[in-house]
Amino acid sequence: MLLSGLKQLRFQLRTLEPTLTPGNWLWSVCSRSSSSGLPFQEGEGKASSFSDARWKDTAETVIIGGGCVGVSLAYHLAKAGMKDVVLLEASELTAGSTWHAAGLTTYFHPGINLKKIHYYSIKLYEKLEEETGQVLAGLYNPGDGHIDPYSLTMALAAGARKYGALLKFPARVTNLKPRSDGTWEVETQQGSVRANRIVNATGFWAREVGKMIGLEHPVIPVHHQYIVTATIPEVKALKKELPVIRDLEGSFYLRQERDGILFGPYENQEKMKIQDSWVTNGVPPGFGKELFESDLDRIMEYVENAMDMVPVLRKADIINIVSGPITYTPDILPMVGPHQGVRNYWVAIGFGYGIIHAGGIGKYLSDWILGGEPPFDLIEVDPNRYGKWTTTQYTEVKARESYGFNNNVGYPKEERFAGRPTKRISGIYNILNSKCSMGFHAGWEQPHWFYKPGHEPGYKPSFRRTNWFQPVGLEYQQVMQKVGVIDLSPFGKFKVRGKDSLKLLDRLIANVIPKVGFTNISHMLTPRGRVYAELTVSQQSPGEFLLVTGSGSELHDLRWIEEEIAKGEYNVEIENITDKLGVLGVAGPSARKVLQKLTSADLSNDAFKFLQSKPLTISNIPVTAIRISYTGELGWELYHRQEDSATLYGAIMEAGQEEGIDNFGTYAMNALRMEKAFRAWGSEMNCDTNPLEAGLDHFIKLNKPADFIGKQALRLMKEKGLKRRLVYLTLETDHVDPEGNESIWHDGKVVGNTTSGSYSYSIQKSLAFAYVPMELSKVGQRLEVELLGKNYPATIIQEPLVLTEPTRTRLQKKPGKS
């Protein structure tokens, strides 16, 4: 059968027989499979796949799922010394998505730390044969390659057993019971295991396992197809293996498979197929090493693209067509780590690219489990980036969009619009929606920038300054010269109260506890002294606190706090009030004048100082007002009931007409915070950075009596001295601005990276934060920043570029200061 005749011919595949299951035609595999779904040749596949005969009643860690990810975690935990590791698999190792994976392994990933996962996986796969005595058909090319997933998993399994892990199958988990002490009772048909923690690594069964404990994991089964040819003479004649080809425009990958070729597409979102019946009714019982019926009509345009790229495909015989289920999350990235709201429940699910991720994720999770904190920051795969707003309908439309966009070019400040809005809209969303370009933040819609007369509206992605550039400049001027209003409702907000609330917070944060009626900026650190989170902490009444964090770290931070409460047995109640409270920010030199019209409370500088927090009534609406602003200008954040947002917003806008009040969005706020040299969590600080190198010394109180988490680690860092430091740069650019993660060059070598950037509308140059070695961190140091393949001159300057309003006010009161 020739590829050129695919449109006319129907295929009878040599190794597969049809099996009918309820509502679906599936193909049942008659023999074990290599990376291409081909039957093994005589003498291949000698990897041991036996199940351990023994049983354990207790375990330190129970891993549910015997695909490449779960087996990799068992291998890494056991090798690192964990004595009681048990892996439970419902049918046999590699059942699910692993066995039929195409097995591609590549160094590349746009995520700065996910590159580390890829790199570790490739290096591990190179060494596995030496360590375990097998990796059948494992192939490596410089910078790229592929590997047989079945043999990879069996090699990891052999290694896991070698180091003492118990791999049990078939052992289907039938129930999960959380115990009051945080341990789990894991029930199977063979018996029960008491586990200190459980890890859900069950691939497309992840939703079923999650439902056992009341969680709705946002993963969707997608049909992914690829084609394998028979021997192609031109391929057989090659002296070296073909490199792996990825054609982003044609939306397919292609590699050599023995003496033939394997290639597969990523269809657009209109053509790709989701297994809807599994979403509705669950995975059919007993499903394991089966495939879906192939649908060549769906992928014909991609087949044609592949034939144009590699013409020998036009006369190649088909030996196999694989259409198997893989799982996608809404944003295409997996969910990895401990899950908020359930103690000692971890996940490693949603892998659309499980083979390349398996080695690195196994090591990453093992290090985290054993060390008590992640070895490096992978916030983009945090399972807690999703919440109750992530409905099944949302997950399905976003997974469809993400699969279809798999090979699309990604832009700075990229927005994807499927599934929006969710139920997470603020009380003024309907008022603002038609006036601005909305951004998506943890399910929320939040204005990025507002349309102005004479400027082009809408979302226009570009690698350079685009249609938002001038309107954002006008918003910047609005806040610097007049007064602006911004919707900050997506902030994560927690109420903490109880007998031990002060004791808990003193342990959690590196700053002192603010007095009643005051607010401060505080950081939660990891035991190694890394910055886990940044919060504003307000003590509203004795022992009662309002904690506020960024939208993207809401459940990330809540999980950390809940874990400490449980670990320390604190008598504390914590409530997530994120969806209950709306927040409006009012900032600019006229902010006080506008708000004073709406309240009888004294808002003067002496009566309402910077970082004070007070309950007020504004236009007859009760609010908690905090004098703080991420713009660095005079401003307040007004916390109120979500249902009061529209009325409060209307009253403020009406009161500010004489002062020329207007809206501003997060793009302008970013430009304003950059000029004030305010750090941003997730950019300048995260689990890869410590607060000393990030320049957060002012917020870290090493002399406070409480032994806060990370305190001892910071003292050691201070003694040893820093190796790098965050610096503040201006750049000479041409219609392009830094965004973060760009390379810093000096004397022809890469010496660091930017963390975030913006255009400064005050000096009309680009600004950036960057980490560089200490010897290159002095003010005046000349460096280069790589943007779009070109190195632009940059200079380290004294921070901040613009003084904050409280600092300006304080200096003006001192004689001789301006």
# chains A, B, ... in the order shown; residues from 1 in each chain; ligands from 1

call {"tool": "select_by_dssp", "arguments": {"residues": "region 450-487 of chain A", "states": "strand (DSSP E)", "output": "PyMOL selection string"}}
result
chain A and resi 450+484-487

call {"tool": "write_last_selection", "arguments": {"atoms": "N, CA, C and O atoms", "output": "mmCIF file, in the first residue's frame"}}
result
data_model
loop_
_atom_site.group_PDB
_atom_site.id
_atom_site.type_symbol
_atom_site.label_atom_id
_atom_site.label_comp_id
_atom_site.auth_asym_id
_atom_site.auth_seq_id
_atom_site.Cartn_x
_atom_site.Cartn_y
_atom_site.Cartn_z
ATOM 1 N N PHE A 450 -6.262 49.333 27.798
ATOM 2 C CA PHE A 450 -7.541 49.897 27.380
ATOM 3 C C PHE A 450 -7.425 50.576 26.021
ATOM 4 O O PHE A 450 -6.418 51.210 25.700
ATOM 5 N N GLY A 484 -5.712 56.802 38.314
ATOM 6 C CA GLY A 484 -6.220 55.673 37.541
ATOM 7 C C GLY A 484 -6.833 54.617 38.443
ATOM 8 O O GLY A 484 -6.529 54.531 39.639
ATOM 9 N N VAL A 485 -7.687 53.779 37.844
ATOM 10 C CA VAL A 485 -8.350 52.694 38.560
ATOM 11 C C VAL A 485 -8.024 51.382 37.854
ATOM 12 O O VAL A 485 -8.080 51.301 36.624
ATOM 13 N N ILE A 486 -7.682 50.360 38.625
ATOM 14 C CA ILE A 486 -7.346 49.054 38.065
ATOM 15 C C ILE A 486 -8.092 47.952 38.819
ATOM 16 O O ILE A 486 -8.269 48.033 40.039
ATOM 17 N N ASP A 487 -8.558 46.942 38.084
ATOM 18 C CA ASP A 487 -9.252 45.801 38.670
ATOM 19 C C ASP A 487 -8.207 44.784 39.135
ATOM 20 O O ASP A 487 -7.510 44.169 38.324
#

call {"tool": "residues_around", "arguments": {"residues": "Thr526 (chain A)", "least_positions_apart": "3", "cutoff": "8 Å", "atoms": "only C-alpha atoms", "output": "VMD selection string"}}
result
chain A and resid 373 529 to 532 687 709 to 710

call {"tool": "atom_distance", "arguments": {"atom1": "CA of Met653 (chain A)", "atom2": "CA of Ala607 (chain A)"}}
result
24.0 Å

call {"tool": "atom_distance", "arguments": {"atom1": "CA of Ala587 (chain A)", "atom2": "CA of Ser613 (chain A)"}}
result
15.8 Å

call {"tool": "residues_around", "arguments": {"residues": "region 550-559 of chain A", "least_positions_apart": "5", "cutoff": "6 Å", "atoms": "only C-alpha atoms", "output": "ChimeraX atom specification"}}
result
/A:340,384,442,490-492

call {"tool": "decode", "arguments": {"residues": "region 265-281 of chain A", "atoms": "N, CA, C and O atoms", "output": "JSON list (two decimals), in the first residue's frame"}}
result
[["chain", "number", "residue", "atom", "x", "y", "z"],
["A", 265, "PRO", "N", 1.20, 13.65, 12.89],
["A", 265, "PRO", "CA", 0.81, 15.06, 12.88],
["A", 265, "PRO", "C", 0.17, 15.50, 14.18],
["A", 265, "PRO", "O", -0.21, 14.69, 15.02],
["A", 266, "TYR", "N", 0.07, 16.81, 14.34],
["A", 266, "TYR", "CA", -0.82, 17.41, 15.32],
["A", 266, "TYR", "C", -1.86, 18.18, 14.54],
["A", 266, "TYR", "O", -1.56, 19.21, 13.94],
["A", 267, "GLU", "N", -3.12, 17.65, 14.54],
["A", 267, "GLU", "CA", -4.16, 18.27, 13.72],
["A", 267, "GLU", "C", -4.63, 19.59, 14.34],
["A", 267, "GLU", "O", -4.42, 19.82, 15.53],
["A", 268, "ASN", "N", -5.27, 20.40, 13.52],
["A", 268, "ASN", "CA", -5.82, 21.64, 14.05],
["A", 268, "ASN", "C", -7.02, 21.32, 14.94],
["A", 268, "ASN", "O", -7.53, 20.20, 14.96],
["A", 269, "GLN", "N", -7.47, 22.31, 15.69],
["A", 269, "GLN", "CA", -8.47, 22.03, 16.73],
["A", 269, "GLN", "C", -9.83, 21.64, 16.17],
["A", 269, "GLN", "O", -10.64, 21.03, 16.87],
["A", 270, "GLU", "N", -10.08, 21.98, 14.90],
["A", 270, "GLU", "CA", -11.35, 21.57, 14.30],
["A", 270, "GLU", "C", -11.33, 20.08, 13.93],
["A", 270, "GLU", "O", -12.35, 19.40, 13.99],
["A", 271, "LYS", "N", -10.16, 19.56, 13.55],
["A", 271, "LYS", "CA", -10.07, 18.18, 13.08],
["A", 271, "LYS", "C", -9.72, 17.17, 14.17],
["A", 271, "LYS", "O", -10.11, 16.02, 14.10],
["A", 272, "MET", "N", -8.94, 17.59, 15.15],
["A", 272, "MET", "CA", -8.47, 16.63, 16.16],
["A", 272, "MET", "C", -9.65, 16.07, 16.94],
["A", 272, "MET", "O", -10.72, 16.65, 16.99],
["A", 273, "LYS", "N", -9.43, 14.90, 17.53],
["A", 273, "LYS", "CA", -10.54, 14.18, 18.16],
["A", 273, "LYS", "C", -10.26, 13.93, 19.64],
["A", 273, "LYS", "O", -9.18, 13.50, 20.01],
["A", 274, "ILE", "N", -11.27, 14.20, 20.44],
["A", 274, "ILE", "CA", -11.24, 13.89, 21.87],
["A", 274, "ILE", "C", -12.16, 12.70, 22.12],
["A", 274, "ILE", "O", -13.22, 12.60, 21.51],
["A", 275, "GLN", "N", -11.75, 11.80, 23.00],
["A", 275, "GLN", "CA", -12.58, 10.64, 23.33],
["A", 275, "GLN", "C", -13.63, 11.06, 24.35],
["A", 275, "GLN", "O", -13.51, 10.86, 25.54],
["A", 276, "ASP", "N", -14.72, 11.66, 23.82],
["A", 276, "ASP", "CA", -15.74, 12.25, 24.69],
["A", 276, "ASP", "C", -16.41, 11.23, 25.61],
["A", 276, "ASP", "O", -16.78, 11.56, 26.74],
["A", 277, "SER", "N", -16.58, 10.01, 25.12],
["A", 277, "SER", "CA", -17.26, 9.01, 25.95],
["A", 277, "SER", "C", -16.49, 8.71, 27.22],
["A", 277, "SER", "O", -17.07, 8.41, 28.26],
["A", 278, "TRP", "N", -15.15, 8.83, 27.17],
["A", 278, "TRP", "CA", -14.35, 8.61, 28.38],
["A", 278, "TRP", "C", -14.53, 9.75, 29.36],
["A", 278, "TRP", "O", -14.50, 9.55, 30.57],
["A", 279, "VAL", "N", -14.69, 10.95, 28.82],
["A", 279, "VAL", "CA", -14.91, 12.12, 29.69],
["A", 279, "VAL", "C", -16.23, 11.97, 30.42],
["A", 279, "VAL", "O", -16.35, 12.25, 31.62],
["A", 280, "THR", "N", -17.25, 11.47, 29.71],
["A", 280, "THR", "CA", -18.59, 11.34, 30.28],
["A", 280, "THR", "C", -18.72, 10.11, 31.16],
["A", 280, "THR", "O", -19.23, 10.18, 32.29],
["A", 281, "ASN", "N", -18.24, 8.97, 30.66],
["A", 281, "ASN", "CA", -18.50, 7.69, 31.32],
["A", 281, "ASN", "C", -17.28, 7.05, 31.96],
["A", 281, "ASN", "O", -17.38, 5.99, 32.57]]
